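> Provided below: target.csv, containing CSV, C-alpha atoms.
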```
chain,number,residue,atom,x,y,z
D,1,MET,CA,8.2,-3.7,26.9
D,2,ASN,CA,9.5,-0.2,28.0
D,3,THR,CA,7.6,2.1,30.3
D,4,HIS,CA,6.8,4.5,27.5
D,5,TYR,CA,4.7,1.9,25.7
D,6,GLU,CA,3.2,0.5,29.0
D,7,SER,CA,1.8,3.9,29.8
D,8,GLU,CA,0.8,4.6,26.2
D,9,ILE,CA,-1.2,1.4,25.7
D,10,ASP,CA,-2.9,1.8,29.1
D,11,HIS,CA,-4.1,5.2,28.1
D,12,ILE,CA,-5.3,4.1,24.7
D,13,LEU,CA,-7.1,1.1,26.1
D,14,ARG,CA,-9.0,3.4,28.5
D,15,MET,CA,-9.9,5.7,25.7
D,16,ALA,CA,-11.0,2.8,23.4
D,17,PHE,CA,-12.7,0.4,25.8
D,18,GLY,CA,-13.2,2.3,29.0
D,19,ARG,CA,-10.8,0.3,31.1
D,20,THR,CA,-7.3,-1.1,31.1
D,21,VAL,CA,-6.4,-4.8,31.2
D,22,PRO,CA,-3.2,-6.8,31.6
D,23,THR,CA,-1.3,-6.8,28.4
D,24,TRP,CA,1.8,-8.4,27.0
D,25,PRO,CA,3.7,-7.8,23.7
D,26,ILE,CA,3.1,-9.9,20.6
D,27,PRO,CA,6.2,-10.3,18.4
D,28,LEU,CA,5.7,-9.0,14.8
D,29,GLY,CA,7.0,-10.5,11.7
D,30,VAL,CA,10.1,-9.4,9.7
D,31,GLY,CA,9.5,-6.2,7.8
D,32,ARG,CA,7.1,-4.5,10.2
D,33,SER,CA,8.2,-1.0,11.0
D,34,ASP,CA,9.1,0.4,14.4
D,35,ARG,CA,5.9,2.4,14.4
D,36,HIS,CA,3.8,-0.7,15.0
D,37,ARG,CA,3.4,-2.5,18.4
D,38,ALA,CA,1.1,-5.4,19.0
D,39,PHE,CA,-0.4,-6.4,22.4
D,40,ALA,CA,-2.4,-9.4,23.6
D,41,LEU,CA,-5.2,-8.5,26.0
D,42,ASP,CA,-6.2,-10.6,29.0
D,43,ASP,CA,-10.0,-10.0,28.9
D,44,PRO,CA,-12.6,-12.3,27.3
D,45,MET,CA,-14.8,-9.3,26.6
D,46,LEU,CA,-12.2,-7.5,24.5
D,47,PRO,CA,-10.3,-8.4,21.3
D,48,GLN,CA,-7.6,-11.0,21.8
D,49,GLY,CA,-5.0,-8.7,20.4
D,50,VAL,CA,-4.6,-5.1,19.3
D,51,MET,CA,-2.2,-3.2,17.1
D,52,LEU,CA,-0.9,0.3,18.1
D,53,THR,CA,0.3,2.3,15.2
D,54,ARG,CA,2.1,5.6,15.7
D,55,TYR,CA,2.2,8.4,13.1
D,56,PRO,CA,4.2,11.7,13.3
D,57,MET,CA,2.1,14.8,13.6
D,58,THR,CA,2.8,15.6,9.9
D,59,ALA,CA,1.0,12.4,8.9
D,60,MET,CA,-2.2,13.3,10.8
D,61,SER,CA,-4.3,13.4,7.6
D,62,GLN,CA,-3.0,10.0,6.4
D,63,ALA,CA,-3.9,8.4,9.8
D,64,ALA,CA,-7.4,9.9,9.7
D,65,ARG,CA,-7.8,8.6,6.2
D,66,ALA,CA,-6.8,5.1,7.1
D,67,PHE,CA,-9.1,5.1,10.1
D,68,SER,CA,-12.2,6.3,8.2
D,69,VAL,CA,-11.6,4.0,5.2
D,70,MET,CA,-11.1,1.0,7.4
D,71,GLN,CA,-14.3,1.8,9.3
D,72,ALA,CA,-16.2,2.1,6.0
D,73,LEU,CA,-14.7,-1.1,4.6
D,74,ARG,CA,-15.6,-3.1,7.7
D,75,ASP,CA,-19.2,-1.9,7.2
D,76,VAL,CA,-19.3,-3.5,3.7
D,77,GLY,CA,-17.6,-6.7,4.7
D,78,PHE,CA,-14.2,-6.1,3.2
D,79,PRO,CA,-11.3,-7.9,5.0
D,80,VAL,CA,-9.6,-5.1,7.1
D,81,PRO,CA,-8.8,-5.0,10.8
D,82,ASP,CA,-11.4,-3.5,13.0
D,83,VAL,CA,-10.4,0.0,14.3
D,84,TYR,CA,-11.1,1.2,17.8
D,85,TYR,CA,-9.4,4.5,18.5
D,86,LEU,CA,-7.7,7.4,16.8
D,87,GLY,CA,-6.2,10.2,18.9
D,88,TRP,CA,-3.2,11.9,20.4
D,89,GLY,CA,-0.4,10.3,22.4
D,90,ARG,CA,0.0,12.2,25.6
D,91,ALA,CA,3.6,11.3,26.1
D,92,SER,CA,4.8,10.8,22.6
D,93,ARG,CA,3.0,13.8,21.0
D,94,GLU,CA,2.2,11.5,18.1
D,95,VAL,CA,-1.0,10.4,16.4
D,96,LEU,CA,-2.0,7.0,17.6
D,97,MET,CA,-4.4,4.4,16.0
D,98,LEU,CA,-5.6,1.3,17.8
D,99,SER,CA,-6.8,-1.5,15.6
D,100,GLU,CA,-7.4,-5.2,15.7
D,101,HIS,CA,-4.3,-7.5,15.6
D,102,ILE,CA,-4.8,-10.2,12.9
D,103,ASP,CA,-2.9,-13.4,13.7
D,104,ALA,CA,-1.8,-14.3,10.2
D,105,HIS,CA,1.3,-14.4,8.0
D,106,GLY,CA,2.7,-11.6,5.9
D,107,GLU,CA,5.3,-11.5,3.1
D,108,GLU,CA,8.2,-11.2,5.6
D,109,GLY,CA,10.7,-10.8,2.8
D,110,GLN,CA,9.7,-14.0,1.0
D,111,THR,CA,8.0,-12.5,-2.0
D,112,HIS,CA,8.0,-15.5,-4.4
D,113,ALA,CA,7.0,-18.0,-1.7
D,114,PHE,CA,4.2,-15.8,-0.3
D,115,PHE,CA,2.9,-15.1,-3.8
D,116,ALA,CA,2.9,-18.8,-4.7
D,117,ARG,CA,0.4,-19.3,-1.8
D,118,VAL,CA,-1.8,-16.2,-2.0
D,119,GLY,CA,-1.3,-14.9,-5.5
D,120,PRO,CA,-4.8,-15.7,-6.8
D,121,ALA,CA,-6.5,-14.3,-3.7
D,122,PHE,CA,-4.2,-11.3,-3.7
D,123,ALA,CA,-5.4,-10.3,-7.2
D,124,GLN,CA,-9.0,-11.2,-6.7
D,125,THR,CA,-9.2,-9.3,-3.4
D,126,LEU,CA,-8.2,-6.2,-5.2
D,127,ALA,CA,-10.8,-6.8,-7.9
D,128,GLN,CA,-13.4,-7.2,-5.2
D,129,LEU,CA,-12.4,-3.9,-3.6
D,130,HIS,CA,-12.8,-2.1,-6.9
D,131,GLN,CA,-16.3,-3.6,-7.4
D,132,LEU,CA,-17.7,-2.8,-4.0
D,133,GLU,CA,-21.1,-1.2,-4.1
D,134,TRP,CA,-21.3,1.8,-1.9
D,135,GLU,CA,-24.5,3.6,-0.7
D,136,GLU,CA,-22.2,6.5,0.1
D,137,LEU,CA,-18.5,6.6,-0.9
D,138,PRO,CA,-15.9,7.4,1.7
D,139,ASP,CA,-14.7,11.0,1.8
D,140,LEU,CA,-11.4,10.7,-0.1
D,141,ALA,CA,-9.3,12.8,-2.4
D,142,ILE,CA,-9.8,12.3,-6.2
D,143,LEU,CA,-6.9,11.7,-8.5
D,144,PRO,CA,-7.8,12.3,-12.2
D,145,PHE,CA,-5.7,10.4,-14.7
D,146,ARG,CA,-4.7,13.4,-16.8
D,147,TYR,CA,-3.5,15.4,-13.7
D,148,ALA,CA,-1.4,12.4,-12.5
D,149,PHE,CA,0.1,11.8,-16.0
D,150,ASP,CA,0.9,15.4,-16.7
D,151,SER,CA,2.4,15.8,-13.2
D,152,LEU,CA,4.6,12.7,-13.7
D,153,ALA,CA,5.7,13.8,-17.1
D,154,ALA,CA,6.8,17.2,-15.8
D,155,ARG,CA,8.8,15.6,-13.0
D,156,VAL,CA,10.5,13.1,-15.3
D,157,ARG,CA,11.6,15.8,-17.7
D,158,ALA,CA,12.9,17.9,-14.8
D,159,PHE,CA,14.7,15.2,-12.7
D,160,GLY,CA,14.5,11.9,-14.6
D,161,THR,CA,17.2,9.7,-16.2
D,162,SER,CA,17.7,8.8,-19.8
D,163,GLU,CA,15.8,5.5,-19.2
D,164,MET,CA,12.9,7.4,-17.7
D,165,ASP,CA,12.8,9.9,-20.6
D,166,ALA,CA,12.7,6.9,-23.0
D,167,ILE,CA,9.8,5.4,-21.1
D,168,LEU,CA,7.9,8.7,-21.1
D,169,ASP,CA,8.5,9.0,-24.9
D,170,TRP,CA,6.7,5.7,-25.3
D,171,LEU,CA,3.8,6.7,-23.1
D,172,LEU,CA,3.2,10.2,-24.5
D,173,PRO,CA,1.6,9.3,-27.8
D,174,ARG,CA,-0.6,6.7,-26.2
D,175,ALA,CA,-1.8,8.8,-23.2
D,176,GLY,CA,-4.3,10.7,-25.3
D,177,ASP,CA,-6.2,7.5,-26.2
D,178,VAL,CA,-6.7,6.4,-22.6
D,179,GLN,CA,-10.4,6.5,-21.6
D,180,GLU,CA,-10.7,6.9,-17.8
D,181,LEU,CA,-12.8,4.3,-16.1
D,182,PRO,CA,-15.4,5.1,-13.4
D,183,HIS,CA,-13.6,5.9,-10.2
D,184,ALA,CA,-13.5,3.4,-7.3
D,185,VAL,CA,-12.1,3.3,-3.8
D,186,LEU,CA,-8.4,2.5,-4.3
D,187,HIS,CA,-5.9,1.2,-1.8
D,188,GLY,CA,-3.1,3.3,-3.2
D,189,ASP,CA,-0.2,1.0,-2.1
D,190,TYR,CA,-1.5,-2.5,-2.8
D,191,THR,CA,1.5,-4.8,-2.5
D,192,LEU,CA,2.2,-8.1,-0.9
D,193,GLY,CA,3.7,-6.2,2.1
D,194,ASN,CA,0.3,-4.8,2.9
D,195,VAL,CA,-1.7,-8.1,3.1
D,196,LEU,CA,-1.9,-10.9,5.6
D,197,GLY,CA,-2.7,-14.5,4.5
D,198,ASP,CA,-3.9,-17.7,6.0
D,199,ARG,CA,-2.9,-20.6,3.7
D,200,VAL,CA,-4.2,-19.5,0.3
D,201,HIS,CA,-6.6,-16.8,1.6
D,202,ILE,CA,-6.2,-13.1,2.2
D,203,VAL,CA,-7.5,-12.4,5.7
D,204,ALA,CA,-6.6,-8.7,6.0
D,205,VAL,CA,-5.5,-5.8,3.9
D,206,LEU,CA,-3.4,-3.2,5.8
D,207,GLY,CA,-1.8,0.2,5.0
D,208,TRP,CA,-4.8,2.4,4.0
D,209,GLU,CA,-3.0,5.7,4.5
D,210,ASN,CA,-2.9,6.4,0.7
D,211,ALA,CA,-6.5,5.4,-0.1
D,212,LEU,CA,-8.2,7.6,-2.8
D,213,LEU,CA,-10.9,7.7,-5.4
D,214,ALA,CA,-9.5,7.2,-8.9
D,215,ASP,CA,-9.4,4.9,-12.0
D,216,PRO,CA,-8.9,1.4,-10.6
D,217,ARG,CA,-6.0,0.9,-13.0
D,218,PHE,CA,-3.8,3.0,-10.7
D,219,ASP,CA,-4.0,0.2,-8.2
D,220,ILE,CA,-3.8,-2.6,-10.8
D,221,GLY,CA,-0.8,-1.1,-12.6
D,222,TYR,CA,1.0,-0.3,-9.4
D,223,ALA,CA,0.6,-3.9,-8.0
D,224,SER,CA,1.5,-5.3,-11.4
D,225,ALA,CA,4.7,-3.2,-11.6
D,226,VAL,CA,5.8,-4.0,-8.1
D,227,LEU,CA,5.4,-7.7,-8.8
D,228,GLY,CA,7.0,-7.3,-12.2
D,229,ALA,CA,10.2,-6.0,-10.6
D,230,TYR,CA,10.5,-9.5,-9.2
D,231,GLY,CA,9.8,-11.1,-12.5
D,232,VAL,CA,7.3,-10.7,-15.4
D,233,PRO,CA,5.6,-14.1,-14.6
D,234,LEU,CA,4.4,-12.8,-11.2
D,235,SER,CA,2.8,-9.8,-12.9
D,236,ASP,CA,1.2,-11.9,-15.6
D,237,GLN,CA,-0.3,-14.3,-13.0
D,238,PHE,CA,-1.6,-11.3,-11.0
D,239,LEU,CA,-3.3,-9.7,-14.0
D,240,ALA,CA,-4.8,-13.0,-15.2
D,241,GLU,CA,-6.3,-13.6,-11.8
D,242,TYR,CA,-7.6,-10.1,-11.5
D,243,GLU,CA,-9.3,-10.5,-14.8
D,244,VAL,CA,-11.1,-13.6,-13.6
D,245,VAL,CA,-13.2,-11.3,-11.4
D,246,SER,CA,-13.2,-8.1,-13.4
D,247,GLY,CA,-13.0,-9.1,-17.0
D,248,PRO,CA,-10.4,-7.7,-19.4
D,249,ILE,CA,-8.4,-4.6,-18.3
D,250,PRO,CA,-8.4,-1.9,-21.0
D,251,ASP,CA,-5.0,-0.5,-22.0
D,252,ARG,CA,-3.2,-3.0,-19.7
D,253,ALA,CA,0.3,-2.5,-21.1
D,254,PHE,CA,0.0,1.3,-20.9
D,255,TRP,CA,-0.9,1.2,-17.2
D,256,ASP,CA,1.8,-1.3,-16.4
D,257,VAL,CA,4.4,1.0,-18.0
D,258,PHE,CA,2.9,4.2,-16.6
D,259,CYS,CA,2.9,2.8,-13.0
D,260,ALA,CA,6.4,1.4,-13.4
D,261,LEU,CA,7.5,4.9,-14.4
D,262,ARG,CA,5.8,6.3,-11.3
D,263,LEU,CA,7.8,3.8,-9.2
D,264,LEU,CA,11.1,4.7,-10.9
D,265,MET,CA,10.4,8.4,-10.2
D,266,ARG,CA,9.7,7.5,-6.6
D,267,LEU,CA,13.0,5.8,-6.3
D,268,THR,CA,14.7,8.8,-7.8
D,269,ASN,CA,13.1,11.1,-5.3
D,270,LEU,CA,14.0,8.8,-2.5
D,271,PHE,CA,17.7,8.9,-3.5
D,272,GLU,CA,17.7,12.7,-4.0
D,273,ASN,CA,16.1,13.3,-0.6
D,274,THR,CA,18.4,11.0,1.3
D,275,PRO,CA,21.3,12.6,3.3
D,276,PRO,CA,24.6,12.2,1.3
D,277,ASP,CA,26.1,9.9,4.0
D,278,GLN,CA,23.2,7.4,3.5
D,279,ARG,CA,22.9,7.5,-0.2
D,280,GLU,CA,25.2,4.5,-0.9
D,281,ALA,CA,23.1,2.3,1.3
D,282,ILE,CA,19.9,3.4,-0.3
D,283,ARG,CA,21.5,3.0,-3.8
D,284,MET,CA,22.5,-0.6,-3.1
D,285,GLN,CA,19.0,-1.5,-1.9
D,286,ALA,CA,17.3,0.3,-4.8
D,287,ILE,CA,19.5,-1.1,-7.7
D,288,PRO,CA,17.7,-4.6,-7.9
D,289,VAL,CA,14.3,-2.9,-7.8
D,290,TRP,CA,15.4,-0.3,-10.4
D,291,ASN,CA,16.8,-3.0,-12.8
D,292,GLY,CA,13.8,-5.2,-12.2
D,293,LEU,CA,11.4,-2.4,-13.2
D,294,LEU,CA,13.4,-1.6,-16.3
D,295,ASP,CA,13.3,-5.2,-17.4
D,296,PHE,CA,9.6,-5.2,-16.7
D,297,VAL,CA,9.1,-2.1,-18.9
D,298,LYS,CA,11.3,-3.6,-21.7
D,299,HIS,CA,8.9,-6.6,-21.8
D,300,ARG,CA,5.7,-4.7,-21.6
D,301,ALA,CA,6.6,-1.8,-24.0
D,302,HIS,CA,9.1,-3.8,-26.2
D,303,LEU,CA,11.8,-1.3,-25.5
D,304,PRO,CA,15.0,-3.4,-25.7
D,305,ASP,CA,17.4,-0.4,-25.7
D,306,LEU,CA,16.5,0.9,-22.2
```
Please re-express this file's structure in structure tokens.

Amino acid sequence: MNTHYESEIDHILRMAFGRTVPTWPIPLGVGRSDRHRAFALDDPMLPQGVMLTRYPMTAMSQAARAFSVMQALRDVGFPVPDVYYLGWGRASREVLMLSEHIDAHGEEGQTHAFFARVGPAFAQTLAQLHQLEWEELPDLAILPFRYAFDSLAARVRAFGTSEMDAILDWLLPRAGDVQELPHAVLHGDYTLGNVLGDRVHIVAVLGWENALLADPRFDIGYASAVLGAYGVPLSDQFLAEYEVVSGPIPDRAFWDVFCALRLLMRLTNLFENTPPDQREAIRMQAIPVWNGLLDFVKHRAHLPDL
């Protein structure tokens, strides 16, 4: 471990727990970004392990959102890591969050194998989030469906592809019939990459930086479309397991296609905002996801000519 992280973790431990203790690094699984570092703590009065997450100054609001939502979810018994500290890094000039390190397995690039084990729990955990009873909702931004839809439509018409225009043409006549459901606390990025599992159970949900209050079908359709990019059967199983807890999802196909279009737009924006010398690498990574999403939409919307 380099001296930068040695000094950083010592400072954060003093701020969070009032003292420093001997630490050593915990290796993280494949797919965890460089902004995460895990440490074991040699003190029986403290957690066995902690996770130090770094955010750039521009992401201060996202870090604060994640910290406050995780605190609120712990209070109602939802499976998230405990959070201990949110503040400034003296040396790095970054926002730092200290949370509990959960010793469990993640997706680690093995989407189908991981889903085969935790698929039902993955869906049912999301349904449980949407059905939580709150005495007082966390202070989160609200995303109305009509605003999100109109904003996406404008961006697709301005920057989209012929395939995206065709998908939007399918959505437009159906959007007016969508009745917005009561808002719930949403994860905002609910994918297999943001959960940890122990055998067939979900033991922790991570990545709360995009949490919001909105129609729960934003979360459902997003998770369904991400899985659908790897094959329609994964999406079908996810939706069936979600409905075991929630009951039937109104306008299910519409939300699958709508959220798939949001993902396609995100890929387009990613490519447009990538420096020219890096675009080929991004394109090669994005092509399988792009094609998978188009195949998913073809199946859901019965659009064979995409």
> Which residue gives the smallest distance to Trp290 of chain D among D:Gly49, D:Gly228, D:Pro56, D:Gly197, with all atoms listed in the file counted?
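Of the candidates, the smallest distance to Trp290 of chain D is held by D:Gly228.
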> Taking (-0.4, -7.1, -7.4) in the file's coordinates, which residues come within 12 Å, counting only C-alpha atoms, written as a PyMOL selection string?
chain D and resi 111+115+118-127+187-195+217-230+232-242+256+259
> To one decimal place, how far is atom CA of Ser7 of chain D from atom CA of Trp88 of chain D in Å?
13.3 Å
> Set the distance at 8 Å and use only C-alpha atoms: which residues neighbour segment 157-162 of chain D once local chain neighbours fewer than 4 positions away are removed? I'd like the list as a list in words.
Ala153, Ala166, Met265 and Thr268 of chain D
> Which one of D:Leu306, D:Leu212, D:Arg14, D:Val21 sits closest to Asp139 of chain D if you count all atoms listed in the file?
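Using all atoms listed in the file, Asp139 of chain D sits closest to D:Leu212.
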> Please return as a ChimeraX atom specification every residue within 6 Å of (2.1, -0.2, 14.5), taking into account all atoms listed in the file and the file's own coordinates.
/D:35-37,51-54
> Using only C-alpha atoms, can you tell me which of D:Leu98, D:Ile202, D:Leu13, D:Ala91 comes closest to Ala38 of chain D?
D:Leu98
> Leaving out Leu140 of chain D and any residue of its chain fewer than 3 positions from it, which residues lie within 8 Å of it when counting only C-alpha atoms, given as a PyMOL selection string?
chain D and resi 65+211-213
> State, in Å with one decimal place, the distance from atom CA of Arg74 of chain D to atom CA of Asp198 of chain D.
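One can read the atom CA of Arg74 of chain D to atom CA of Asp198 of chain D distance as 18.8 Å.
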> Have a look at D:Phe149, D:Leu294, D:Pro22, D:Ala184 and name the one nearest to Pro44 of chain D; count only C-alpha atoms.
D:Pro22
> For each of D:Arg146, D:His112, D:His299, D:Arg266, take the minimum atom-to-atom distance to Asp177 of chain D, counting all atoms listed in the file, then give the residue where this is smallest.
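Selected residue with least distance to Asp177 of chain D: D:Arg146.
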> May I ask which of the residues D:Gly106, D:Gly87, D:Pro276, D:Pro138 is the closest one to Leu73 of chain D, counting all atoms listed in the file?
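Of D:Gly106, D:Gly87, D:Pro276, D:Pro138, the one nearest Leu73 of chain D is D:Pro138, counting all atoms listed in the file.
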> How many Å lie between atom CA of Ala253 of chain D and atom CA of Glu180 of chain D, rounded to one decimal?
14.8 Å
> Need to verify the contact set: Phe271 of chain D, 10 Å, all atoms listed in the file, exclusion of same-chain residues closer than 5 positions in sequence. Can you return it as a ChimeraX atom specification?
/D:265-266,276,278-283,286
> Quick one: everything within 12 Å of Met15 of chain D, counting all atoms listed in the file, minus sequence neighbours fewer than 5 positions away in the same chain. Send it as a CSV table (one decimal) with C-alpha atoms, keeping the file's coordinate frame.

```csv
chain,number,residue,atom,x,y,z
D,8,GLU,CA,0.8,4.6,26.2
D,9,ILE,CA,-1.2,1.4,25.7
D,10,ASP,CA,-2.9,1.8,29.1
D,20,THR,CA,-7.3,-1.1,31.1
D,84,TYR,CA,-11.1,1.2,17.8
D,85,TYR,CA,-9.4,4.5,18.5
D,86,LEU,CA,-7.7,7.4,16.8
D,87,GLY,CA,-6.2,10.2,18.9
D,88,TRP,CA,-3.2,11.9,20.4
D,89,GLY,CA,-0.4,10.3,22.4
D,90,ARG,CA,0.0,12.2,25.6
D,96,LEU,CA,-2.0,7.0,17.6
D,97,MET,CA,-4.4,4.4,16.0
D,98,LEU,CA,-5.6,1.3,17.8
```
> If you count only C-alpha atoms, which residues fall within 10 Å of Val76 of chain D, apart from same-chain ones fewer than 5 positions away, as a PyMOL selection string?
chain D and resi 71+132-135
> Give me segment 212-230 of chain D with N, CA, C and O atoms filled in, as a PDB file, in the frame of the given file.

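And here is the file that came out, rebuild-v5.pdb:
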```
ATOM      1  N   LEU D 212      -7.660   6.452  -1.964  1.00  0.00           N
ATOM      2  CA  LEU D 212      -8.200   7.600  -2.800  1.00  0.00           C
ATOM      3  C   LEU D 212      -9.265   7.079  -3.687  1.00  0.00           C
ATOM      4  O   LEU D 212      -9.565   5.875  -3.744  1.00  0.00           O
ATOM      5  N   LEU D 213      -9.878   7.997  -4.400  1.00  0.00           N
ATOM      6  CA  LEU D 213     -10.900   7.700  -5.400  1.00  0.00           C
ATOM      7  C   LEU D 213     -10.222   7.972  -6.789  1.00  0.00           C
ATOM      8  O   LEU D 213      -9.770   9.092  -7.039  1.00  0.00           O
ATOM      9  N   ALA D 214     -10.176   6.977  -7.646  1.00  0.00           N
ATOM     10  CA  ALA D 214      -9.500   7.200  -8.900  1.00  0.00           C
ATOM     11  C   ALA D 214      -9.843   5.966  -9.837  1.00  0.00           C
ATOM     12  O   ALA D 214     -10.541   5.016  -9.441  1.00  0.00           O
ATOM     13  N   ASP D 215      -9.336   6.022 -11.059  1.00  0.00           N
ATOM     14  CA  ASP D 215      -9.400   4.900 -12.000  1.00  0.00           C
ATOM     15  C   ASP D 215      -8.759   3.685 -11.332  1.00  0.00           C
ATOM     16  O   ASP D 215      -7.630   3.763 -10.846  1.00  0.00           O
ATOM     17  N   PRO D 216      -9.452   2.548 -11.269  1.00  0.00           N
ATOM     18  CA  PRO D 216      -8.900   1.400 -10.600  1.00  0.00           C
ATOM     19  C   PRO D 216      -7.562   0.903 -11.182  1.00  0.00           C
ATOM     20  O   PRO D 216      -6.796   0.192 -10.513  1.00  0.00           O
ATOM     21  N   ARG D 217      -7.236   1.316 -12.404  1.00  0.00           N
ATOM     22  CA  ARG D 217      -6.000   0.900 -13.000  1.00  0.00           C
ATOM     23  C   ARG D 217      -4.760   1.492 -12.356  1.00  0.00           C
ATOM     24  O   ARG D 217      -3.640   1.004 -12.553  1.00  0.00           O
ATOM     25  N   PHE D 218      -4.938   2.558 -11.559  1.00  0.00           N
ATOM     26  CA  PHE D 218      -3.800   3.000 -10.700  1.00  0.00           C
ATOM     27  C   PHE D 218      -3.375   1.920  -9.786  1.00  0.00           C
ATOM     28  O   PHE D 218      -2.179   1.675  -9.607  1.00  0.00           O
ATOM     29  N   ASP D 219      -4.332   1.280  -9.114  1.00  0.00           N
ATOM     30  CA  ASP D 219      -4.000   0.200  -8.200  1.00  0.00           C
ATOM     31  C   ASP D 219      -3.489  -1.036  -8.976  1.00  0.00           C
ATOM     32  O   ASP D 219      -2.514  -1.666  -8.566  1.00  0.00           O
ATOM     33  N   ILE D 220      -4.161  -1.362 -10.085  1.00  0.00           N
ATOM     34  CA  ILE D 220      -3.800  -2.600 -10.800  1.00  0.00           C
ATOM     35  C   ILE D 220      -2.370  -2.442 -11.381  1.00  0.00           C
ATOM     36  O   ILE D 220      -1.537  -3.342 -11.219  1.00  0.00           O
ATOM     37  N   GLY D 221      -2.092  -1.316 -12.041  1.00  0.00           N
ATOM     38  CA  GLY D 221      -0.800  -1.100 -12.600  1.00  0.00           C
ATOM     39  C   GLY D 221       0.320  -1.056 -11.574  1.00  0.00           C
ATOM     40  O   GLY D 221       1.432  -1.565 -11.782  1.00  0.00           O
ATOM     41  N   TYR D 222       0.020  -0.436 -10.443  1.00  0.00           N
ATOM     42  CA  TYR D 222       1.000  -0.300  -9.400  1.00  0.00           C
ATOM     43  C   TYR D 222       1.363  -1.719  -8.829  1.00  0.00           C
ATOM     44  O   TYR D 222       2.551  -2.076  -8.728  1.00  0.00           O
ATOM     45  N   ALA D 223       0.323  -2.510  -8.480  1.00  0.00           N
ATOM     46  CA  ALA D 223       0.600  -3.900  -8.000  1.00  0.00           C
ATOM     47  C   ALA D 223       1.303  -4.701  -9.024  1.00  0.00           C
ATOM     48  O   ALA D 223       2.226  -5.463  -8.707  1.00  0.00           O
ATOM     49  N   SER D 224       0.895  -4.563 -10.280  1.00  0.00           N
ATOM     50  CA  SER D 224       1.500  -5.300 -11.400  1.00  0.00           C
ATOM     51  C   SER D 224       2.979  -4.958 -11.526  1.00  0.00           C
ATOM     52  O   SER D 224       3.836  -5.843 -11.686  1.00  0.00           O
ATOM     53  N   ALA D 225       3.296  -3.658 -11.464  1.00  0.00           N
ATOM     54  CA  ALA D 225       4.700  -3.200 -11.600  1.00  0.00           C
ATOM     55  C   ALA D 225       5.560  -3.644 -10.474  1.00  0.00           C
ATOM     56  O   ALA D 225       6.715  -4.059 -10.667  1.00  0.00           O
ATOM     57  N   VAL D 226       5.034  -3.544  -9.257  1.00  0.00           N
ATOM     58  CA  VAL D 226       5.800  -4.000  -8.100  1.00  0.00           C
ATOM     59  C   VAL D 226       6.136  -5.465  -8.201  1.00  0.00           C
ATOM     60  O   VAL D 226       7.276  -5.891  -7.957  1.00  0.00           O
ATOM     61  N   LEU D 227       5.154  -6.261  -8.573  1.00  0.00           N
ATOM     62  CA  LEU D 227       5.400  -7.700  -8.800  1.00  0.00           C
ATOM     63  C   LEU D 227       6.341  -7.919  -9.958  1.00  0.00           C
ATOM     64  O   LEU D 227       7.228  -8.782  -9.917  1.00  0.00           O
ATOM     65  N   GLY D 228       6.149  -7.132 -11.019  1.00  0.00           N
ATOM     66  CA  GLY D 228       7.000  -7.300 -12.200  1.00  0.00           C
ATOM     67  C   GLY D 228       8.450  -7.029 -11.953  1.00  0.00           C
ATOM     68  O   GLY D 228       9.311  -7.568 -12.660  1.00  0.00           O
ATOM     69  N   ALA D 229       8.750  -6.206 -10.944  1.00  0.00           N
ATOM     70  CA  ALA D 229      10.200  -6.000 -10.600  1.00  0.00           C
ATOM     71  C   ALA D 229      10.815  -7.248 -10.072  1.00  0.00           C
ATOM     72  O   ALA D 229      12.040  -7.359 -10.079  1.00  0.00           O
ATOM     73  N   TYR D 230      10.003  -8.214  -9.620  1.00  0.00           N
ATOM     74  CA  TYR D 230      10.500  -9.500  -9.200  1.00  0.00           C
ATOM     75  C   TYR D 230      10.440 -10.565 -10.267  1.00  0.00           C
ATOM     76  O   TYR D 230      10.846 -11.712 -10.048  1.00  0.00           O
TER      77      TYR D 230
END
```
